[in-house]
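> I am sharing upload_31.cif, which consists of mmCIF, C-alpha atoms and all ligand atoms:
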```cif
data_entry
loop_
_atom_site.label_atom_id
_atom_site.label_comp_id
_atom_site.auth_asym_id
_atom_site.auth_seq_id
_atom_site.Cartn_x
_atom_site.Cartn_y
_atom_site.Cartn_z
CA MET A 1 11.60 9.22 7.92
CA ARG A 2 8.77 7.04 6.65
CA ILE A 3 5.10 7.59 7.37
CA ALA A 4 2.38 5.21 6.18
CA VAL A 5 -1.17 6.42 5.55
CA ALA A 6 -3.58 3.53 5.92
CA SER A 7 -7.22 2.64 6.45
CA GLY A 8 -9.02 -0.64 6.92
CA LYS A 9 -11.50 0.07 4.16
CA GLY A 10 -11.42 1.79 0.80
CA GLY A 11 -13.17 5.10 0.24
CA THR A 12 -12.20 6.75 3.53
CA GLY A 13 -10.10 9.45 1.84
CA LYS A 14 -6.75 7.78 2.59
CA THR A 15 -5.18 8.68 -0.75
CA SER A 16 -6.52 12.21 -0.49
CA VAL A 17 -4.82 12.63 2.89
CA ALA A 18 -1.58 11.05 1.62
CA VAL A 19 -1.23 13.25 -1.48
CA ASN A 20 -2.08 16.45 0.38
CA LEU A 21 0.45 15.65 3.12
CA ALA A 22 3.11 14.92 0.48
CA VAL A 23 2.54 18.29 -1.17
CA ILE A 24 2.63 20.09 2.17
CA ALA A 25 5.90 18.28 2.97
CA GLY A 26 7.37 19.75 -0.21
CA ARG A 27 9.69 19.07 -3.08
CA THR A 28 11.99 16.66 -1.22
CA ALA A 29 9.11 14.38 -0.21
CA THR A 30 8.38 11.12 -2.02
CA LEU A 31 4.93 9.56 -2.05
CA VAL A 32 4.83 5.82 -2.76
CA ASP A 33 1.50 4.56 -4.06
CA CYS A 34 1.44 1.06 -2.58
CA ASP A 35 -2.17 0.45 -3.65
CA VAL A 36 -0.68 -1.37 -6.63
CA GLU A 37 -3.91 -3.07 -7.71
CA GLU A 38 -5.54 0.30 -8.28
CA PRO A 39 -3.00 3.12 -8.00
CA ASN A 40 -4.67 6.53 -8.21
CA ALA A 41 -2.31 9.04 -6.58
CA HIS A 42 -1.23 10.07 -10.11
CA ILE A 43 -4.68 11.62 -10.63
CA PHE A 44 -3.73 14.28 -8.08
CA LEU A 45 0.05 14.34 -8.59
CA LYS A 46 0.38 14.74 -12.33
CA GLY A 47 3.79 14.82 -13.96
CA ASP A 48 6.21 13.21 -16.37
CA VAL A 49 7.29 9.60 -15.91
CA SER A 50 11.07 9.75 -15.50
CA SER A 51 11.67 5.99 -15.25
CA THR A 52 9.80 2.70 -15.48
CA ASP A 53 11.13 -0.57 -14.09
CA THR A 54 9.60 -3.97 -14.62
CA VAL A 55 9.13 -6.11 -11.52
CA SER A 56 9.54 -9.79 -12.28
CA MET A 57 10.14 -13.08 -10.55
CA SER A 58 12.10 -16.12 -11.71
CA VAL A 59 9.76 -19.07 -12.20
CA PRO A 60 10.38 -22.55 -13.62
CA ALA A 61 9.79 -23.57 -17.21
CA ILE A 62 9.82 -27.29 -17.94
CA GLU A 63 11.51 -28.65 -21.04
CA GLU A 64 9.16 -31.51 -21.72
CA ASN A 65 11.51 -33.38 -24.05
CA ARG A 66 13.99 -33.80 -21.18
CA CYS A 67 11.49 -34.53 -18.38
CA THR A 68 11.33 -38.14 -17.24
CA GLY A 69 8.21 -37.64 -15.11
CA CYS A 70 10.08 -38.59 -11.93
CA ARG A 71 8.04 -36.13 -9.80
CA ALA A 72 11.04 -34.99 -7.76
CA CYS A 73 10.10 -31.34 -8.40
CA VAL A 74 6.45 -31.96 -7.49
CA GLU A 75 7.42 -33.54 -4.19
CA PHE A 76 9.88 -30.76 -3.44
CA CYS A 77 7.49 -27.84 -4.01
CA GLY A 78 5.87 -26.99 -0.69
CA PHE A 79 3.52 -24.51 -2.37
CA ASN A 80 1.79 -27.05 -4.65
CA ALA A 81 2.75 -25.01 -7.68
CA LEU A 82 3.61 -28.18 -9.60
CA ILE A 83 1.39 -31.24 -10.11
CA SER A 84 1.99 -34.29 -12.21
CA PHE A 85 -0.14 -37.17 -13.44
CA GLY A 86 2.82 -39.20 -14.60
CA GLY A 87 4.12 -36.95 -17.39
CA PRO A 88 5.76 -33.53 -17.33
CA PRO A 89 4.35 -31.48 -14.42
CA LEU A 90 1.76 -28.75 -14.81
CA PHE A 91 2.84 -25.40 -13.41
CA PHE A 92 0.59 -22.90 -11.55
CA PRO A 93 2.46 -19.60 -11.55
CA ASP A 94 0.26 -17.87 -8.95
CA LEU A 95 1.26 -20.49 -6.35
CA CYS A 96 4.99 -20.25 -7.12
CA HIS A 97 7.22 -18.30 -4.72
CA GLY A 98 10.20 -18.34 -7.06
CA CYS A 99 12.49 -20.24 -4.68
CA GLY A 100 14.23 -22.10 -7.50
CA GLY A 101 14.30 -25.37 -5.55
CA CYS A 102 12.54 -27.42 -8.21
CA ARG A 103 15.29 -26.63 -10.71
CA LEU A 104 17.93 -27.71 -8.22
CA VAL A 105 16.31 -31.08 -7.48
CA CYS A 106 15.47 -32.01 -11.07
CA PRO A 107 17.83 -34.92 -11.92
CA ALA A 108 17.26 -34.53 -15.65
CA GLY A 109 18.10 -30.84 -15.89
CA ALA A 110 14.65 -30.34 -17.41
CA ILE A 111 13.83 -27.12 -15.55
CA VAL A 112 15.07 -23.69 -16.57
CA GLU A 113 14.16 -20.37 -15.00
CA VAL A 114 12.29 -17.67 -16.89
CA ALA A 115 11.25 -14.21 -15.80
CA ARG A 116 7.55 -13.72 -15.07
CA PRO A 117 6.52 -10.04 -15.16
CA LEU A 118 4.55 -9.08 -12.05
CA GLY A 119 4.12 -5.37 -12.61
CA GLU A 120 5.88 -2.05 -12.96
CA VAL A 121 7.29 0.68 -10.77
CA ARG A 122 7.10 4.17 -12.25
CA ARG A 123 8.85 7.25 -10.99
CA ILE A 124 6.99 10.48 -11.68
CA ASP A 125 8.29 14.01 -11.17
CA ALA A 126 5.11 15.65 -9.93
CA GLY A 127 6.70 19.06 -9.39
CA ARG A 128 5.61 19.61 -5.79
CA CYS A 129 6.99 16.19 -4.78
CA THR A 130 8.07 12.86 -6.31
CA LEU A 131 5.58 10.06 -6.89
CA VAL A 132 6.64 6.41 -7.05
CA GLU A 133 3.81 4.28 -8.31
CA GLY A 134 3.57 0.49 -8.19
CA CYS A 135 1.26 -1.08 -10.76
CA LEU A 136 0.35 -4.77 -10.66
CA GLU A 137 0.15 -6.76 -13.91
CA VAL A 138 -3.35 -7.96 -14.77
CA GLY A 139 -3.79 -11.60 -13.70
CA VAL A 140 -1.09 -11.57 -11.00
CA SER A 141 -2.62 -12.55 -7.67
CA SER A 142 -0.06 -11.34 -5.11
CA PRO A 143 0.71 -7.60 -5.01
CA VAL A 144 3.41 -7.98 -2.34
CA PRO A 145 6.50 -8.17 -4.63
CA VAL A 146 5.41 -5.02 -6.50
CA ILE A 147 4.75 -3.20 -3.22
CA LYS A 148 8.23 -4.13 -1.98
CA ALA A 149 9.80 -2.98 -5.26
CA ALA A 150 7.93 0.35 -5.14
CA LYS A 151 9.07 0.96 -1.56
CA ALA A 152 12.65 0.08 -2.46
CA ALA A 153 12.56 2.62 -5.31
CA ALA A 154 11.77 5.48 -2.95
CA ASP A 155 14.84 7.39 -1.89
CA GLY A 156 14.97 10.69 -0.06
CA ASP A 157 14.70 11.60 3.56
CA PHE A 158 10.95 11.90 3.79
CA VAL A 159 8.72 9.18 2.35
CA ILE A 160 4.96 8.67 2.63
CA TYR A 161 3.47 5.26 1.87
CA ASP A 162 -0.11 5.31 0.59
CA ALA A 163 -1.20 1.86 1.80
CA PRO A 164 -3.69 -0.43 0.06
CA PRO A 165 -7.09 -0.97 1.73
CA GLY A 166 -7.71 -4.03 3.88
CA THR A 167 -5.77 -5.66 6.69
CA SER A 168 -4.01 -8.55 4.96
CA CYS A 169 -0.55 -9.16 3.47
CA PRO A 170 -0.44 -6.08 1.18
CA LEU A 171 -1.06 -3.79 4.15
CA VAL A 172 1.55 -5.55 6.28
CA ALA A 173 4.09 -5.39 3.42
CA THR A 174 3.45 -1.64 3.13
CA LEU A 175 3.72 -0.91 6.85
CA ARG A 176 7.00 -2.74 7.40
CA GLY A 177 9.78 -0.21 7.90
CA ALA A 178 7.43 2.73 8.52
CA ASP A 179 8.24 4.94 11.52
CA TYR A 180 4.65 5.99 12.09
CA VAL A 181 1.20 5.11 10.74
CA LEU A 182 -1.62 7.56 10.16
CA LEU A 183 -4.98 5.79 10.14
CA VAL A 184 -7.67 7.56 8.14
CA THR A 185 -11.21 6.70 9.10
CA GLU A 186 -14.71 8.11 8.86
CA PRO A 187 -17.37 8.53 11.56
CA THR A 188 -19.63 5.67 10.49
CA PRO A 189 -20.18 2.16 11.92
CA PHE A 190 -18.33 0.70 8.90
CA GLY A 191 -15.46 3.11 9.45
CA LEU A 192 -15.26 2.15 13.11
CA SER A 193 -15.41 -1.58 12.38
CA ASP A 194 -12.50 -1.40 9.92
CA LEU A 195 -10.57 0.94 12.19
CA ARG A 196 -10.76 -1.66 14.97
CA LEU A 197 -9.39 -4.36 12.65
CA THR A 198 -6.52 -2.17 11.49
CA VAL A 199 -5.65 -1.16 15.05
CA GLU A 200 -5.38 -4.87 15.93
CA VAL A 201 -2.90 -5.39 13.10
CA LEU A 202 -0.84 -2.37 14.11
CA ARG A 203 -0.72 -3.45 17.72
CA GLN A 204 0.43 -6.92 16.71
CA MET A 205 3.14 -5.28 14.61
CA ASN A 206 4.04 -3.06 17.56
CA MET A 207 3.76 0.13 15.51
CA GLU A 208 3.19 3.72 16.57
CA PHE A 209 0.04 5.22 15.10
CA GLY A 210 -2.59 7.96 15.33
CA VAL A 211 -5.96 8.65 13.72
CA VAL A 212 -7.31 11.25 11.33
CA ILE A 213 -11.09 11.49 11.04
CA ASN A 214 -12.21 12.32 7.54
CA ARG A 215 -15.68 13.72 6.74
CA SER A 216 -15.89 14.60 10.38
CA MET A 217 -19.20 15.78 11.82
CA ARG A 218 -18.90 17.47 15.17
CA SER A 219 -22.17 15.90 16.29
CA GLU A 220 -20.83 12.35 15.78
CA SER A 221 -18.63 11.01 18.59
CA LEU A 222 -18.33 7.39 17.42
CA ILE A 223 -14.62 7.50 16.55
CA HIS A 224 -13.68 9.84 19.40
CA ASP A 225 -15.34 7.52 21.92
CA TYR A 226 -13.47 4.50 20.57
CA CYS A 227 -10.11 6.32 20.41
CA HIS A 228 -10.58 7.66 23.93
CA HIS A 229 -11.37 4.17 25.23
CA GLU A 230 -8.35 2.68 23.44
CA ALA A 231 -5.99 5.56 24.30
CA ILE A 232 -5.42 6.34 20.63
CA GLU A 233 -4.53 9.87 19.67
CA VAL A 234 -6.67 11.77 17.14
CA LEU A 235 -4.26 13.97 15.20
CA GLY A 236 -6.79 15.85 13.14
CA GLU A 237 -10.28 16.07 11.71
CA ILE A 238 -11.12 16.93 8.13
CA PRO A 239 -14.68 18.24 8.14
CA GLU A 240 -17.53 17.11 5.93
CA ASP A 241 -17.34 19.80 3.26
CA ARG A 242 -18.96 19.66 -0.14
CA ARG A 243 -16.13 21.76 -1.60
CA ILE A 244 -13.62 19.02 -0.68
CA ALA A 245 -15.74 16.42 -2.48
CA GLU A 246 -15.90 18.68 -5.54
CA ALA A 247 -12.13 19.19 -5.52
CA TYR A 248 -11.56 15.43 -5.20
CA ALA A 249 -13.98 14.67 -8.04
CA ALA A 250 -12.08 17.13 -10.23
CA GLY A 251 -8.71 15.51 -9.38
CA ARG A 252 -7.56 18.57 -7.48
CA LEU A 253 -5.59 18.70 -4.25
CA ILE A 254 -7.48 20.06 -1.27
CA VAL A 255 -4.55 22.26 -0.22
CA GLU A 256 -4.49 23.89 -3.66
CA ALA A 257 -8.22 24.10 -4.40
CA LEU A 258 -9.00 25.23 -0.85
CA PRO A 259 -5.88 26.89 0.62
CA GLY A 260 -7.73 27.50 3.88
CA TYR A 261 -7.13 23.83 4.63
CA ARG A 262 -3.34 24.09 4.37
CA PRO A 263 -2.89 24.80 8.12
CA LEU A 264 -4.93 21.68 8.97
CA PHE A 265 -2.77 19.41 6.81
CA ARG A 266 0.38 21.11 8.05
CA SER A 267 -0.66 20.49 11.66
CA ILE A 268 -1.37 16.80 10.90
CA LEU A 269 2.04 16.45 9.23
CA GLU A 270 3.82 18.19 12.09
CA ALA A 271 2.03 16.01 14.62
CA CYS A 272 3.29 12.90 12.79
CA LEU A 273 6.84 14.24 12.71
CA GLU A 274 6.72 15.07 16.41
CA ARG A 275 5.56 11.54 17.25
CA VAL A 276 8.42 10.05 15.24
CA THR A 277 11.12 12.22 16.75
CA ALA A 278 9.69 12.11 20.31
S1 LIG A 301 10.33 -22.20 -7.80
FE1 LIG A 301 9.89 -23.01 -5.73
S2 LIG A 301 7.77 -22.39 -5.40
FE2 LIG A 301 8.11 -22.21 -7.59
S3 LIG A 301 7.46 -24.16 -8.44
FE3 LIG A 301 9.67 -24.33 -8.02
S4 LIG A 301 9.78 -25.22 -5.96
FE4 LIG A 301 7.69 -24.48 -6.24
S1 LIG A 302 12.09 -33.24 -11.49
FE1 LIG A 302 12.59 -32.76 -13.62
S2 LIG A 302 12.42 -34.73 -14.63
FE2 LIG A 302 11.38 -34.97 -12.67
S3 LIG A 302 9.23 -34.48 -13.13
FE3 LIG A 302 10.20 -32.59 -12.48
S4 LIG A 302 10.85 -31.65 -14.41
FE4 LIG A 302 10.44 -33.78 -14.87
#
```
Turn the structure described in the file into structure tokens.

Amino acid sequence: MRIAVASGKGGTGKTSVAVNLAVIAGRTATLVDCDVEEPNAHIFLKGDVSSTDTVSMSVPAIEENRCTGCRACVEFCGFNALISFGGPPLFFPDLCHGCGGCRLVCPAGAIVEVARPLGEVRRIDAGRCTLVEGCLEVGVSSPVPVIKAAKAAADGDFVIYDAPPGTSCPLVATLRGADYVLLVTEPTPFGLSDLRLTVEVLRQMNMEFGVVINRSMRSESLIHDYCHHEAIEVLGEIPEDRRIAEAYAAGRLIVEALPGYRPLFRSILEACLERVTA
């Protein structure tokens, strides 16, 4: 079973919800930190790194002494990763999709493939659960291959994906294959605006989802009104509580620093499981 925890914007408490749910789920749960540009679940789930795998992609390298400047590779590449002004082509690695086609069409055999490191996937035994963390290499523009590699490294029956913020390709890559999506939002106009955008993405992907309101204030009905209008289920509300902010700032789990919140996280987790198995 795979549950994704997502939010349209950063700073809503998405990671906090994801790590606390993983700990409530227990030792057999695996949390995958798919926010590979800025992974931070390890701050809350500390442990020893048991394995590290490099994520890389095969990209072309041009042997200039063999290149005739024929431009066949430039014309083949639909991603404009190669340009030529008559001599050996210039290569732009961030545009390359690693298809290998340029090497195949080169009549002079002047293109070889080399591995370009894109990031790492680390497996951490965090005691209460397992953490799989994707980490993007500095200077690499697309996080998607590292997200896919991190997801592929997660085994076990119960997996939680901590999604990256935003509504573009990294989010879509994270959500693919999830059985249910938990959207974390906050009762502010910004929270509502980003919630709307994320709901649009989820509906286009035809995914099942529900909402958790973080920093909830009983007096504020903004999110409830929207969810009611859109027939979206609210699975739980985490109240505005200074003690939660203090626990977060200290890198502590809510369910450990404030055990009184364990039933709330358990009920959110059980609600997700019920929606998946329903
Ligand atoms: S491997 Fe594919 S995408 Fe990359 S430069 Fe060659 S043709 Fe273009
Ligand atoms: S296809 Fe080969 S020979 Fe032609 S420009 Fe590209 S690298 Fe050079």
> Got a sec to check which residues lie within 9 Å of ligand LIG 301 (chain A), using only C-alpha atoms and all ligand atoms, and send them as a list of chain:residue names?
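If we count only C-alpha atoms and all ligand atoms, the neighbours of ligand LIG 301 (chain A) turn out to be A:Ser58, A:Val59, A:Pro60, A:Cys73, A:Val74, A:Glu75, A:Phe76, A:Cys77, A:Gly78, A:Phe79, A:Asn80, A:Ala81, A:Leu82, A:Phe91, A:Phe92, A:Pro93, A:Leu95, A:Cys96, A:His97, A:Gly98, A:Cys99, A:Gly100, A:Gly101, A:Cys102, A:Arg103, A:Leu104, A:Val105, A:Glu113.
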> Using only C-alpha atoms and all ligand atoms, which protein or nucleic acid residues are at most 7 Å from ligand LIG 302 (chain A), as a list in words?
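If we count only C-alpha atoms and all ligand atoms, the neighbours of ligand LIG 302 (chain A) turn out to be Ile62, Arg66, Cys67, Thr68, Gly69, Cys70, Arg71, Ala72, Cys73, Val74, Pro88, Pro89, Cys102, Val105, Cys106, Pro107, Ala108, Gly109, Ala110 and Ile111 of chain A.
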> Taking all atoms listed in the file into account, name the residue in A:Thr277, A:Ile268, A:Glu256, A:Leu222 that is nearest to Phe190 (chain A).
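Closest to Phe190 (chain A), using all atoms listed in the file: A:Leu222.
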> Go through A:Thr167, A:Asn65, A:Thr174, A:Thr52 one by one, measure the shortest atom-to-atom distance of each to Val121 (chain A) using only C-alpha atoms, and give the residue with the smallest value.
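Ranked by minimum distance to Val121 (chain A), first place goes to A:Thr52.
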> What is the CA of Ala4 (chain A)-CA of Leu175 (chain A) distance in Å, reported with one decimal?
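CA of Ala4 (chain A) sits 6.3 Å away from CA of Leu175 (chain A).
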> Given the choices A:Ile238, A:Val5, A:Cys227, A:Ile43, which gets closest to Arg252 (chain A) if the distance is worked out from all atoms listed in the file?
A:Ile43
> Could you make a table, as CSV, of the residues of region 90-147 of chain A that have an atom within 6 Å of an atom of region 44-50 of chain A, each with its nearest atom pair and distance in Å to one decimal, counting all atoms listed in the file, in chain and number order?

```
residue,atom,partner,partner_atom,distance
A:Arg123,CA,A:Ser50,CA,5.6
A:Ile124,CA,A:Val49,CA,4.3
A:Asp125,CA,A:Gly47,CA,5.4
A:Ala126,CA,A:Gly47,CA,4.3
```
> Anything within 10 Å of (13.6, 7.1, 4.0): list those residues as number ranges by chain, counting all atoms listed in the file and sticking to the file's coordinates.
A: 1-3, 29-30, 151-152, 154-160, 177-179
> Please measure the separation of CA of Val146 (chain A) and CA of Gly119 (chain A), giving the value in Å to one decimal.
6.3 Å
> With only C-alpha atoms as the atoms that count, which of A:Val36, A:Ala61, A:Ala231, A:Ile83 lies nearest to Glu137 (chain A)?
A:Val36
> Interatomic distance between CA of Ser7 (chain A) and CA of Leu171 (chain A)?
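About the pair CA of Ser7 (chain A) and CA of Leu171 (chain A): they are 9.2 Å apart.
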> Please provide the set of residues having any atom within 7 Å of region 234-237 of chain A, restricted to only C-alpha atoms, with same-chain residues fewer than 3 positions apart removed, written as JSON, numbers by chain.
{"A": [210, 211, 212, 213, 214, 216, 268, 271]}
> My list of candidates is A:Val32, A:Leu183, A:Ala22, A:Ala163. Which is closest to Ala149 (chain A) when distances are computed with only C-alpha atoms?
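Smallest distance to Ala149 (chain A) is found for A:Val32.
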> Residues at most 9 Å from Asp35 (chain A), counting all atoms listed in the file, excluding those fewer than 5 positions away in the same chain, as an MDAnalysis selection string?
chainID A and resid 40 133:135 143 147 162:165 170:171
> What does the file look like for those residues with C-alpha atoms, as a short mmCIF file (atom, residue, chain, number, x, y, z; two decimals), in the frame of the given file?

```cif
data_model
loop_
_atom_site.label_atom_id
_atom_site.label_comp_id
_atom_site.auth_asym_id
_atom_site.auth_seq_id
_atom_site.Cartn_x
_atom_site.Cartn_y
_atom_site.Cartn_z
CA ASN A 40 -4.67 6.53 -8.21
CA GLU A 133 3.81 4.28 -8.31
CA GLY A 134 3.57 0.49 -8.19
CA CYS A 135 1.26 -1.08 -10.76
CA PRO A 143 0.71 -7.60 -5.01
CA ILE A 147 4.75 -3.20 -3.22
CA ASP A 162 -0.11 5.31 0.59
CA ALA A 163 -1.20 1.86 1.80
CA PRO A 164 -3.69 -0.43 0.06
CA PRO A 165 -7.09 -0.97 1.73
CA PRO A 170 -0.44 -6.08 1.18
CA LEU A 171 -1.06 -3.79 4.15
#
```
> Of the candidates A:Gly139, A:His228, A:Leu131, A:Val172, which one gets nearest to Val23 (chain A) if we count all atoms listed in the file?
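Nearest candidate to Val23 (chain A) out of A:Gly139, A:His228, A:Leu131, A:Val172: A:Leu131.
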